[in-house]
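Data file: input.csv. Format and content: CSV, C-alpha atoms.
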chain,number,residue,atom,x,y,z
W,1,MET,CA,20.2,0.5,-7.3
W,2,ASN,CA,20.8,3.5,-9.7
W,3,GLU,CA,17.6,2.8,-11.5
W,4,PHE,CA,15.7,4.3,-8.5
W,5,LYS,CA,17.8,7.4,-8.1
W,6,ASP,CA,15.6,9.6,-10.4
W,7,LYS,CA,12.3,7.9,-9.5
W,8,VAL,CA,9.5,9.6,-7.6
W,9,ALA,CA,7.3,7.4,-5.5
W,10,LEU,CA,4.0,8.2,-3.7
W,11,VAL,CA,3.4,5.8,-0.8
W,12,THR,CA,0.0,6.2,0.9
W,13,GLY,CA,-0.4,5.5,4.6
W,14,ALA,CA,3.3,5.9,4.9
W,15,SER,CA,3.8,7.2,8.4
W,16,GLN,CA,3.7,3.8,10.1
W,17,GLY,CA,3.1,0.0,9.6
W,18,LEU,CA,3.4,-1.5,6.2
W,19,GLY,CA,3.5,1.9,4.5
W,20,LYS,CA,6.5,2.9,6.5
W,21,GLY,CA,8.3,-0.4,5.7
W,22,ILE,CA,7.7,0.2,2.0
W,23,ALA,CA,8.8,3.8,2.1
W,24,LEU,CA,12.0,2.8,3.9
W,25,ALA,CA,12.7,0.0,1.4
W,26,LEU,CA,12.4,2.4,-1.5
W,27,ALA,CA,14.4,5.1,0.3
W,28,LYS,CA,17.3,2.8,0.7
W,29,LYS,CA,17.5,2.7,-3.1
W,30,LYS,CA,17.5,6.5,-3.1
W,31,THR,CA,14.0,6.9,-4.5
W,32,THR,CA,12.4,10.3,-3.9
W,33,ILE,CA,9.6,9.5,-1.4
W,34,ILE,CA,6.3,11.3,-1.1
W,35,GLY,CA,4.7,9.9,2.0
W,36,ASN,CA,1.0,10.4,2.4
W,37,TYR,CA,-0.6,10.1,5.9
W,38,ILE,CA,-3.7,11.0,7.8
W,39,GLY,CA,-2.8,10.4,11.4
W,40,ASP,CA,-0.4,11.8,14.1
W,41,ASP,CA,1.9,14.5,12.8
W,42,LYS,CA,4.6,13.6,15.3
W,43,VAL,CA,4.7,10.0,14.0
W,44,ALA,CA,4.9,11.3,10.5
W,45,GLU,CA,7.8,13.5,11.4
W,46,ILE,CA,9.7,10.6,12.9
W,47,THR,CA,9.2,8.6,9.7
W,48,LEU,CA,10.3,11.5,7.6
W,49,LYS,CA,13.6,11.8,9.6
W,50,GLU,CA,14.2,8.1,9.1
W,51,LEU,CA,13.7,8.4,5.4
W,52,ARG,CA,16.0,11.4,5.1
W,53,ASP,CA,18.6,9.7,7.3
W,54,LEU,CA,18.8,7.0,4.6
W,55,GLY,CA,19.9,9.7,2.1
W,56,ALA,CA,16.7,9.9,0.2
W,57,GLU,CA,14.8,13.1,-0.7
W,58,ALA,CA,11.5,12.8,1.1
W,59,ILE,CA,8.4,14.8,2.1
W,60,MET,CA,5.3,13.9,4.0
W,61,ILE,CA,1.9,15.3,2.9
W,62,LYS,CA,-1.2,15.0,5.1
W,63,ALA,CA,-4.4,14.2,3.2
W,64,ASP,CA,-7.5,12.1,3.5
W,65,ILE,CA,-7.2,10.2,0.2
W,66,SER,CA,-10.7,8.7,0.6
W,67,LYS,CA,-11.9,12.2,-0.5
W,68,PRO,CA,-11.6,13.3,-4.1
W,69,ALA,CA,-10.8,16.9,-3.4
W,70,GLU,CA,-7.9,16.0,-1.1
W,71,VAL,CA,-6.5,13.6,-3.7
W,72,GLU,CA,-6.7,16.3,-6.3
W,73,GLN,CA,-4.7,18.6,-4.0
W,74,LEU,CA,-2.2,15.9,-3.2
W,75,PHE,CA,-1.5,15.3,-6.9
W,76,GLN,CA,-1.3,19.0,-7.6
W,77,GLU,CA,1.4,19.3,-5.0
W,78,ILE,CA,3.3,16.4,-6.5
W,79,GLU,CA,3.1,18.0,-10.0
W,80,LYS,CA,4.2,21.3,-8.6
W,81,ARG,CA,7.2,19.9,-6.7
W,82,TYR,CA,8.4,17.2,-9.0
W,83,GLY,CA,6.6,17.5,-12.3
W,84,LYS,CA,6.3,13.7,-12.6
W,85,LEU,CA,5.5,10.5,-10.7
W,86,ASP,CA,7.0,7.1,-11.4
W,87,ILE,CA,5.6,4.8,-8.6
W,88,LEU,CA,2.3,4.7,-6.7
W,89,VAL,CA,1.9,2.3,-3.8
W,90,ASN,CA,-1.7,2.1,-2.7
W,91,ASN,CA,-1.1,1.1,0.9
W,92,ALA,CA,-3.5,3.3,3.0
W,93,GLY,CA,-6.1,1.3,4.8
W,94,THR,CA,-7.8,0.4,8.0
W,95,SER,CA,-9.6,-2.5,9.7
W,96,GLN,CA,-12.4,-2.9,12.2
W,97,ALA,CA,-13.1,-5.8,14.6
W,98,LYS,CA,-16.8,-6.4,13.7
W,99,ASP,CA,-18.5,-9.4,12.1
W,100,ILE,CA,-21.5,-9.4,9.9
W,101,PHE,CA,-23.9,-9.3,12.9
W,102,GLU,CA,-22.3,-6.1,14.2
W,103,LEU,CA,-21.7,-4.2,11.0
W,104,ASP,CA,-24.0,-1.5,9.7
W,105,PHE,CA,-23.9,0.2,6.4
W,106,GLU,CA,-21.9,3.2,7.7
W,107,ASP,CA,-19.2,0.8,8.8
W,108,TRP,CA,-19.3,-0.9,5.3
W,109,ASN,CA,-19.1,2.4,3.4
W,110,ARG,CA,-16.3,3.7,5.5
W,111,MET,CA,-14.2,0.6,4.9
W,112,MET,CA,-14.8,0.7,1.2
W,113,ASP,CA,-14.0,4.4,1.0
W,114,ILE,CA,-10.7,4.1,2.8
W,115,ASN,CA,-9.4,0.7,1.6
W,116,LEU,CA,-10.8,0.6,-1.9
W,117,GLY,CA,-11.9,4.1,-2.8
W,118,SER,CA,-8.6,5.7,-2.0
W,119,GLY,CA,-6.8,3.2,-4.3
W,120,PHE,CA,-9.2,4.1,-7.1
W,121,LEU,CA,-8.8,7.8,-6.7
W,122,CYS,CA,-5.0,7.7,-6.5
W,123,SER,CA,-4.7,5.2,-9.3
W,124,LYS,CA,-6.9,7.3,-11.6
W,125,LYS,CA,-4.6,10.3,-11.1
W,126,ALA,CA,-1.4,8.3,-11.4
W,127,MET,CA,-2.6,6.6,-14.6
W,128,GLU,CA,-3.3,9.9,-16.2
W,129,ILE,CA,0.4,10.9,-15.5
W,130,PHE,CA,1.7,7.5,-16.5
W,131,LYS,CA,-0.1,7.5,-19.8
W,132,VAL,CA,1.6,10.7,-20.8
W,133,GLN,CA,5.0,9.5,-19.6
W,134,GLN,CA,4.5,6.1,-21.2
W,135,SER,CA,5.8,4.4,-18.0
W,136,GLY,CA,4.9,3.8,-14.4
W,137,ARG,CA,4.4,1.3,-11.6
W,138,ILE,CA,1.4,0.8,-9.3
W,139,VAL,CA,1.4,-1.7,-6.4
W,140,PHE,CA,-1.7,-2.4,-4.3
W,141,VAL,CA,-1.2,-3.6,-0.7
W,142,SER,CA,-4.0,-6.1,-0.4
W,143,SER,CA,-4.2,-9.0,2.1
W,144,LEU,CA,-4.2,-12.7,2.7
W,145,VAL,CA,-8.0,-12.3,3.4
W,146,ALA,CA,-8.6,-11.3,-0.2
W,147,GLN,CA,-7.6,-14.9,-1.1
W,148,GLN,CA,-9.2,-16.9,1.7
W,149,GLY,CA,-11.7,-14.7,3.5
W,150,ALA,CA,-11.2,-13.0,6.9
W,151,LEU,CA,-10.2,-15.2,9.8
W,152,TYR,CA,-12.5,-13.6,12.4
W,153,GLY,CA,-15.5,-12.3,10.5
W,154,HIS,CA,-14.2,-8.9,9.2
W,155,ALA,CA,-16.5,-9.1,6.2
W,156,HIS,CA,-16.2,-5.5,5.1
W,157,TYR,CA,-12.4,-5.6,5.3
W,158,ALA,CA,-12.1,-8.8,3.3
W,159,ALA,CA,-14.5,-7.5,0.7
W,160,SER,CA,-12.5,-4.3,0.3
W,161,LYS,CA,-9.2,-6.2,0.0
W,162,SER,CA,-10.7,-8.6,-2.6
W,163,GLY,CA,-12.0,-5.5,-4.5
W,164,GLN,CA,-8.4,-4.2,-4.7
W,165,LEU,CA,-7.4,-7.3,-6.6
W,166,GLY,CA,-10.1,-6.9,-9.1
W,167,LEU,CA,-9.2,-3.3,-9.7
W,168,MET,CA,-5.5,-4.2,-9.9
W,169,LYS,CA,-6.1,-6.8,-12.6
W,170,THR,CA,-8.2,-4.5,-14.7
W,171,LEU,CA,-5.7,-1.6,-14.4
W,172,ALA,CA,-2.9,-4.0,-15.4
W,173,ARG,CA,-4.6,-4.6,-18.7
W,174,THR,CA,-5.4,-0.9,-19.1
W,175,GLY,CA,-1.9,0.2,-18.4
W,176,ALA,CA,0.1,-2.4,-20.4
W,177,PRO,CA,0.0,-0.4,-23.7
W,178,PHE,CA,1.5,2.5,-21.9
W,179,ASN,CA,4.4,0.5,-20.3
W,180,VAL,CA,2.6,0.7,-16.9
W,181,THR,CA,2.6,-2.4,-14.7
W,182,VAL,CA,0.1,-2.9,-11.9
W,183,ASN,CA,0.5,-5.6,-9.3
W,184,ALA,CA,-0.4,-6.4,-5.7
W,185,VAL,CA,1.1,-7.9,-2.6
W,186,ALA,CA,-1.1,-9.9,-0.2
W,187,PRO,CA,0.6,-9.9,3.2
W,188,GLY,CA,-0.4,-12.3,5.9
W,189,ILE,CA,0.1,-11.6,9.6
W,190,ILE,CA,2.7,-8.8,9.7
W,191,HIS,CA,3.7,-7.3,13.0
W,192,THR,CA,2.5,-3.7,12.8
W,193,GLU,CA,0.9,-1.1,15.1
W,194,LEU,CA,-2.5,-1.8,13.6
W,195,LEU,CA,-2.2,-5.5,14.3
W,196,GLU,CA,-1.4,-4.8,18.0
W,197,ASN,CA,-4.3,-2.4,18.2
W,198,ILE,CA,-6.8,-4.9,16.9
W,199,HIS,CA,-5.6,-8.1,18.5
W,200,GLY,CA,-3.3,-7.1,21.4
W,201,LYS,CA,-0.1,-8.9,22.3
W,202,ASP,CA,-1.8,-12.1,23.5
W,203,GLY,CA,-3.9,-12.3,20.4
W,204,ILE,CA,-0.8,-11.8,18.2
W,205,ALA,CA,1.0,-14.6,20.0
W,206,GLU,CA,-1.9,-16.9,19.3
W,207,LEU,CA,-1.9,-15.8,15.6
W,208,ALA,CA,1.8,-16.4,15.3
W,209,LYS,CA,1.3,-20.1,16.1
W,210,THR,CA,-0.8,-20.5,12.9
W,211,VAL,CA,2.1,-19.3,10.7
W,212,PRO,CA,4.8,-21.8,9.6
W,213,LEU,CA,7.5,-19.1,9.4
W,214,GLY,CA,6.1,-17.0,12.2
W,215,LEU,CA,5.1,-13.4,12.1
W,216,GLY,CA,6.4,-11.3,9.1
W,217,SER,CA,8.0,-7.9,9.4
W,218,ILE,CA,7.4,-4.6,7.6
W,219,ASP,CA,10.7,-5.2,5.9
W,220,ASP,CA,9.5,-8.4,4.4
W,221,VAL,CA,6.7,-6.5,2.6
W,222,GLY,CA,8.8,-3.5,1.7
W,223,ASN,CA,11.4,-5.6,-0.1
W,224,VAL,CA,8.8,-7.4,-2.3
W,225,VAL,CA,7.1,-4.1,-3.1
W,226,SER,CA,10.5,-2.6,-4.0
W,227,PHE,CA,11.1,-5.5,-6.4
W,228,LEU,CA,7.7,-4.9,-8.1
W,229,CYS,CA,8.7,-1.2,-8.6
W,230,SER,CA,12.0,-2.2,-10.2
W,231,ASP,CA,13.1,-2.8,-13.8
W,232,GLU,CA,13.6,-6.5,-12.8
W,233,SER,CA,9.8,-6.9,-12.6
W,234,ARG,CA,9.1,-5.3,-16.0
W,235,TYR,CA,7.3,-8.4,-17.4
W,236,LEU,CA,5.1,-8.9,-14.3
W,237,THR,CA,1.7,-7.3,-14.4
W,238,GLY,CA,-1.7,-8.3,-12.9
W,239,VAL,CA,0.2,-10.5,-10.4
W,240,THR,CA,-0.5,-10.9,-6.7
W,241,ILE,CA,2.5,-12.0,-4.6
W,242,ASP,CA,1.6,-13.7,-1.3
W,243,ILE,CA,3.7,-12.7,1.6
W,244,ASN,CA,2.3,-14.8,4.4
W,245,GLY,CA,5.0,-17.1,5.7
W,246,GLY,CA,3.3,-20.3,4.4
W,247,MET,CA,0.0,-19.5,6.2
W,248,TYR,CA,-1.9,-19.8,3.0
W,249,ILE,CA,-0.5,-21.6,0.0
W,250,ARG,CA,-2.2,-21.6,-3.4

Give the structure from this file in C-alpha cells form.
Amino acid sequence: MNEFKDKVALVTGASQGLGKGIALALAKKKTTIIGNYIGDDKVAEITLKELRDLGAEAIMIKADISKPAEVEQLFQEIEKRYGKLDILVNNAGTSQAKDIFELDFEDWNRMMDINLGSGFLCSKKAMEIFKVQQSGRIVFVSSLVAQQGALYGHAHYAASKSGQLGLMKTLARTGAPFNVTVNAVAPGIIHTELLENIHGKDGIAELAKTVPLGLGSIDDVGNVVSFLCSDESRYLTGVTIDINGGMYIR
C-alpha cells in the first residue's frame, strides 16, 4: 500500500460511475487524486468528500477534455500544484442509444471526440511528463464492445472503444523504453448511473440475465485498475483485462 502514498493520479470522468469507483480504489491506497469531471458540480463535491474521507489528498478539476485548450489548462494546473504525475486513467466517456440508421456525422464525431480524442489528448500530455520522469502508468477504460461489437447497434460507441485499444497498444510500445506501462480494462455490464440512464431499470434486469456472474460493480473495475497502476503489474503492458463476469470469454 505504501507504494501509492507519494503517487499522483489523474482520473478523468471521476465524479460518478466507473471513474468514481477507480478514484475511490486508488484513494484507499492513499494515492493523491486529481479527479476531472464535466458534469454536475454538486455530484463532484460529493465524490470529493468521499475521497478525502478515505484519507487521501484529492481535488476535482472541471474541464472538457475533448478540447485541446482545456486539456492544456488541466495539465498546467497539475504541474503547478504537484510538479509531477504518476498515473493517468483515461475513463471519461459517453454513450448514445442510436444505431447506424439513426446516426449522423455529428453524432459520430462527438462520440470520437469524447471517448477517443480525450484519451489521445491526455495521454500525449502525460507521456511527455512520463518520458522525463522515466516512469508512469496509463490505463484506458475501454469496453466489452471493443472486443465483440455493441449489443444493440451503438456503432459509434463500439468504434470509439475499439480505437482506444489500438491507441493503448501503440502507446505501450512507445512508452516501454521510458518505464511507462499502458494497459486497458474492458468492462462488461457494470451497474452505473450511465447504464440506468440508457437502459432503465427494466432493461438492466434483462441485461443482467445474460451475464453468468450477474452485474458488476464499480468496485470490481476500480480494483483491477488499481492493480494495473501498481508495482505488481510492472511487467504488463499492451494488455486488456476483461471485467465482464463471463459474458464474453476469449

For the interface of region 172-215 of chain W with region 145-168 of chain W (cut-off 9 Å, counting all atoms listed in the file), please tabulate each contacting residue of region 172-215 of chain W alongside its nearest pair of atoms and their separation in Å to one decimal, rows sorted by chain and increasing number, as CSV.
residue,atom,partner,partner_atom,distance
W:Ala172,CA,W:Met168,CA,6.1
W:Arg173,CA,W:Met168,CA,8.9
W:Val182,CA,W:Met168,CA,6.1
W:Asn183,CA,W:Met168,CA,6.2
W:Ala184,CA,W:Met168,CA,7.0
W:Ala186,CA,W:Ala146,CA,7.6
W:Pro187,CA,W:Val145,CA,8.9
W:Gly188,CA,W:Val145,CA,8.0

Write out the residues from the selection above, keeping C-alpha atoms, as an mmCIF file, in the frame of the given file.
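Written output follows (selection.cif):
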data_model
loop_
_atom_site.group_PDB
_atom_site.id
_atom_site.type_symbol
_atom_site.label_atom_id
_atom_site.label_comp_id
_atom_site.auth_asym_id
_atom_site.auth_seq_id
_atom_site.Cartn_x
_atom_site.Cartn_y
_atom_site.Cartn_z
ATOM 1 C CA ALA W 172 -2.900 -4.000 -15.400
ATOM 2 C CA ARG W 173 -4.600 -4.600 -18.700
ATOM 3 C CA VAL W 182 0.100 -2.900 -11.900
ATOM 4 C CA ASN W 183 0.500 -5.600 -9.300
ATOM 5 C CA ALA W 184 -0.400 -6.400 -5.700
ATOM 6 C CA ALA W 186 -1.100 -9.900 -0.200
ATOM 7 C CA PRO W 187 0.600 -9.900 3.200
ATOM 8 C CA GLY W 188 -0.400 -12.300 5.900
#

Residues within 12 Å of Ile129 (chain W), please, as a PyMOL selection string. Count all atoms listed in the file; anything in the same chain fewer than 6 positions from it doesn't count. chain W and resi 75-76+78-79+83-88+122-123+135-138+175+178+180

Grab the residues selected above and save them as a compact mmCIF listing (two decimals), in the coordinates of the input with C-alpha atoms.
# COMPACT_ATOMS: atom_id res chain seq x y z
CA PHE W 75 -1.50 15.30 -6.90
CA GLN W 76 -1.30 19.00 -7.60
CA ILE W 78 3.30 16.40 -6.50
CA GLU W 79 3.10 18.00 -10.00
CA GLY W 83 6.60 17.50 -12.30
CA LYS W 84 6.30 13.70 -12.60
CA LEU W 85 5.50 10.50 -10.70
CA ASP W 86 7.00 7.10 -11.40
CA ILE W 87 5.60 4.80 -8.60
CA LEU W 88 2.30 4.70 -6.70
CA CYS W 122 -5.00 7.70 -6.50
CA SER W 123 -4.70 5.20 -9.30
CA SER W 135 5.80 4.40 -18.00
CA GLY W 136 4.90 3.80 -14.40
CA ARG W 137 4.40 1.30 -11.60
CA ILE W 138 1.40 0.80 -9.30
CA GLY W 175 -1.90 0.20 -18.40
CA PHE W 178 1.50 2.50 -21.90
CA VAL W 180 2.60 0.70 -16.90

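Each of W:Met111, W:Ala63, W:Ile189, W:Ile198 was compared to Ile38 (chain W) using all atoms listed in the file, and W:Ala63 turns out to be the nearest.
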
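Remark: for Ala97 (chain W), the closest of the candidate residues W:Pro68, W:Gly238, W:Gly200, W:Gly17 is W:Gly200 (distances computed over all atoms listed in the file).
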
Smallest atom-to-atom distance to Asp113 (chain W): which of W:Glu77, W:Glu72, W:Asp64, W:Asp6, using all atoms listed in the file? W:Asp64

Nearest residue to Gly19 (chain W) out of W:Lys209, W:Gly214, W:His199, W:Val89, using all atoms listed in the file?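 Closest residue, counting all atoms listed in the file: W:Val89.
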
Separation of CA of Val211 (chain W) from CA of Lys28 (chain W) in Å: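 It comes out at 28.6 Å.
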
Could you state the separation of CA of Ala56 (chain W) and CA of Ser226 (chain W) in Å, given to one decimal place? 14.6 Å

Counting all atoms listed in the file, which of W:Ile65, W:Leu24, W:Ser15, W:Ala92 gets nearest to Asp41 (chain W)?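 Using all atoms listed in the file, Asp41 (chain W) sits closest to W:Ser15.
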
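Put simply, CA of Leu26 (chain W) is 19.4 Å away from CA of Gly119 (chain W).
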
Using all atoms listed in the file, the shortest atom-to-atom distance to Ser230 (chain W) among W:Val132, W:Ala44, W:Ala25, W:Ala14 belongs to W:Ala25

Hey, what's within 10 Å of Ile190 (chain W) if we count only C-alpha atoms and toss same-chain stuff fewer than 3 positions away? As number ranges by chain, please? W: 17-18, 187, 193-195, 204, 208, 214-221, 243-245

Output of the above residues as a PDB file, in the coordinates of the input, restricted to C-alpha atoms:
ATOM      1  CA  GLY W  17       3.100   0.000   9.600  1.00  0.00           C
ATOM      2  CA  LEU W  18       3.400  -1.500   6.200  1.00  0.00           C
ATOM      3  CA  PRO W 187       0.600  -9.900   3.200  1.00  0.00           C
ATOM      4  CA  GLU W 193       0.900  -1.100  15.100  1.00  0.00           C
ATOM      5  CA  LEU W 194      -2.500  -1.800  13.600  1.00  0.00           C
ATOM      6  CA  LEU W 195      -2.200  -5.500  14.300  1.00  0.00           C
ATOM      7  CA  ILE W 204      -0.800 -11.800  18.200  1.00  0.00           C
ATOM      8  CA  ALA W 208       1.800 -16.400  15.300  1.00  0.00           C
ATOM      9  CA  GLY W 214       6.100 -17.000  12.200  1.00  0.00           C
ATOM     10  CA  LEU W 215       5.100 -13.400  12.100  1.00  0.00           C
ATOM     11  CA  GLY W 216       6.400 -11.300   9.100  1.00  0.00           C
ATOM     12  CA  SER W 217       8.000  -7.900   9.400  1.00  0.00           C
ATOM     13  CA  ILE W 218       7.400  -4.600   7.600  1.00  0.00           C
ATOM     14  CA  ASP W 219      10.700  -5.200   5.900  1.00  0.00           C
ATOM     15  CA  ASP W 220       9.500  -8.400   4.400  1.00  0.00           C
ATOM     16  CA  VAL W 221       6.700  -6.500   2.600  1.00  0.00           C
ATOM     17  CA  ILE W 243       3.700 -12.700   1.600  1.00  0.00           C
ATOM     18  CA  ASN W 244       2.300 -14.800   4.400  1.00  0.00           C
ATOM     19  CA  GLY W 245       5.000 -17.100   5.700  1.00  0.00           C
TER      20      GLY W 245
END

So that I can check the surroundings of Lys29 (chain W), please list as an NGL selection string every protein, DNA and RNA residue that reaches within 12 Å of it, counting all atoms listed in the file and ignoring chain neighbours fewer than 5 positions away. :W and (1-9 or 22-24 or 51 or 54-57 or 222-223 or 226-227 or 229-230)

Once N, CA and C atoms are restored for region 156-182 of chain W, what would the output be as a PDB file, in the coordinates of the input?
ATOM      1  N   HIS W 156     -16.399  -6.725   5.874  1.00  0.00           N
ATOM      2  CA  HIS W 156     -16.200  -5.500   5.100  1.00  0.00           C
ATOM      3  C   HIS W 156     -14.729  -5.337   4.700  1.00  0.00           C
ATOM      4  N   TYR W 157     -13.840  -5.701   5.611  1.00  0.00           N
ATOM      5  CA  TYR W 157     -12.400  -5.600   5.300  1.00  0.00           C
ATOM      6  C   TYR W 157     -12.013  -6.591   4.233  1.00  0.00           C
ATOM      7  N   ALA W 158     -12.469  -7.833   4.342  1.00  0.00           N
ATOM      8  CA  ALA W 158     -12.100  -8.800   3.300  1.00  0.00           C
ATOM      9  C   ALA W 158     -12.692  -8.435   1.968  1.00  0.00           C
ATOM     10  N   ALA W 159     -13.896  -7.906   1.944  1.00  0.00           N
ATOM     11  CA  ALA W 159     -14.500  -7.500   0.700  1.00  0.00           C
ATOM     12  C   ALA W 159     -13.705  -6.351   0.034  1.00  0.00           C
ATOM     13  N   SER W 160     -13.251  -5.422   0.857  1.00  0.00           N
ATOM     14  CA  SER W 160     -12.500  -4.300   0.300  1.00  0.00           C
ATOM     15  C   SER W 160     -11.150  -4.759  -0.249  1.00  0.00           C
ATOM     16  N   LYS W 161     -10.517  -5.716   0.418  1.00  0.00           N
ATOM     17  CA  LYS W 161      -9.200  -6.200   0.000  1.00  0.00           C
ATOM     18  C   LYS W 161      -9.368  -7.077  -1.297  1.00  0.00           C
ATOM     19  N   SER W 162     -10.444  -7.832  -1.400  1.00  0.00           N
ATOM     20  CA  SER W 162     -10.700  -8.600  -2.600  1.00  0.00           C
ATOM     21  C   SER W 162     -10.984  -7.606  -3.782  1.00  0.00           C
ATOM     22  N   GLY W 163     -11.698  -6.533  -3.488  1.00  0.00           N
ATOM     23  CA  GLY W 163     -12.000  -5.500  -4.500  1.00  0.00           C
ATOM     24  C   GLY W 163     -10.709  -4.899  -5.062  1.00  0.00           C
ATOM     25  N   GLN W 164      -9.700  -4.724  -4.215  1.00  0.00           N
ATOM     26  CA  GLN W 164      -8.400  -4.200  -4.700  1.00  0.00           C
ATOM     27  C   GLN W 164      -7.822  -5.060  -5.777  1.00  0.00           C
ATOM     28  N   LEU W 165      -7.943  -6.371  -5.629  1.00  0.00           N
ATOM     29  CA  LEU W 165      -7.400  -7.300  -6.600  1.00  0.00           C
ATOM     30  C   LEU W 165      -8.087  -7.210  -7.951  1.00  0.00           C
ATOM     31  N   GLY W 166      -9.403  -7.067  -7.910  1.00  0.00           N
ATOM     32  CA  GLY W 166     -10.100  -6.900  -9.100  1.00  0.00           C
ATOM     33  C   GLY W 166      -9.774  -5.611  -9.862  1.00  0.00           C
ATOM     34  N   LEU W 167      -9.625  -4.542  -9.097  1.00  0.00           N
ATOM     35  CA  LEU W 167      -9.200  -3.300  -9.700  1.00  0.00           C
ATOM     36  C   LEU W 167      -7.796  -3.364 -10.226  1.00  0.00           C
ATOM     37  N   MET W 168      -6.904  -3.998  -9.476  1.00  0.00           N
ATOM     38  CA  MET W 168      -5.500  -4.200  -9.900  1.00  0.00           C
ATOM     39  C   MET W 168      -5.426  -4.888 -11.244  1.00  0.00           C
ATOM     40  N   LYS W 169      -6.133  -5.995 -11.374  1.00  0.00           N
ATOM     41  CA  LYS W 169      -6.100  -6.800 -12.600  1.00  0.00           C
ATOM     42  C   LYS W 169      -6.588  -6.001 -13.815  1.00  0.00           C
ATOM     43  N   THR W 170      -7.640  -5.249 -13.594  1.00  0.00           N
ATOM     44  CA  THR W 170      -8.200  -4.500 -14.700  1.00  0.00           C
ATOM     45  C   THR W 170      -7.246  -3.336 -15.089  1.00  0.00           C
ATOM     46  N   LEU W 171      -6.657  -2.653 -14.110  1.00  0.00           N
ATOM     47  CA  LEU W 171      -5.700  -1.600 -14.400  1.00  0.00           C
ATOM     48  C   LEU W 171      -4.445  -2.143 -15.087  1.00  0.00           C
ATOM     49  N   ALA W 172      -4.087  -3.383 -14.766  1.00  0.00           N
ATOM     50  CA  ALA W 172      -2.900  -4.000 -15.400  1.00  0.00           C
ATOM     51  C   ALA W 172      -3.139  -4.092 -16.920  1.00  0.00           C
ATOM     52  N   ARG W 173      -4.330  -4.488 -17.319  1.00  0.00           N
ATOM     53  CA  ARG W 173      -4.600  -4.600 -18.700  1.00  0.00           C
ATOM     54  C   ARG W 173      -4.728  -3.168 -19.371  1.00  0.00           C
ATOM     55  N   THR W 174      -5.297  -2.236 -18.620  1.00  0.00           N
ATOM     56  CA  THR W 174      -5.400  -0.900 -19.100  1.00  0.00           C
ATOM     57  C   THR W 174      -4.060  -0.218 -19.314  1.00  0.00           C
ATOM     58  N   GLY W 175      -3.162  -0.467 -18.376  1.00  0.00           N
ATOM     59  CA  GLY W 175      -1.900   0.200 -18.400  1.00  0.00           C
ATOM     60  C   GLY W 175      -0.818  -0.405 -19.278  1.00  0.00           C
ATOM     61  N   ALA W 176      -0.982  -1.658 -19.653  1.00  0.00           N
ATOM     62  CA  ALA W 176       0.100  -2.400 -20.400  1.00  0.00           C
ATOM     63  C   ALA W 176       0.469  -1.644 -21.708  1.00  0.00           C
ATOM     64  N   PRO W 177      -0.467  -1.109 -22.496  1.00  0.00           N
ATOM     65  CA  PRO W 177       0.000  -0.400 -23.700  1.00  0.00           C
ATOM     66  C   PRO W 177       0.800   0.830 -23.468  1.00  0.00           C
ATOM     67  N   PHE W 178       0.776   1.328 -22.241  1.00  0.00           N
ATOM     68  CA  PHE W 178       1.500   2.500 -21.900  1.00  0.00           C
ATOM     69  C   PHE W 178       2.796   2.202 -21.090  1.00  0.00           C
ATOM     70  N   ASN W 179       3.184   0.923 -21.080  1.00  0.00           N
ATOM     71  CA  ASN W 179       4.400   0.500 -20.300  1.00  0.00           C
ATOM     72  C   ASN W 179       4.167   0.714 -18.811  1.00  0.00           C
ATOM     73  N   VAL W 180       2.938   0.546 -18.363  1.00  0.00           N
ATOM     74  CA  VAL W 180       2.600   0.700 -16.900  1.00  0.00           C
ATOM     75  C   VAL W 180       2.276  -0.710 -16.403  1.00  0.00           C
ATOM     76  N   THR W 181       2.943  -1.114 -15.331  1.00  0.00           N
ATOM     77  CA  THR W 181       2.600  -2.400 -14.700  1.00  0.00           C
ATOM     78  C   THR W 181       1.843  -2.120 -13.403  1.00  0.00           C
ATOM     79  N   VAL W 182       0.900  -2.996 -13.122  1.00  0.00           N
ATOM     80  CA  VAL W 182       0.100  -2.900 -11.900  1.00  0.00           C
ATOM     81  C   VAL W 182      -0.004  -4.240 -11.268  1.00  0.00           C
TER      82      VAL W 182
END
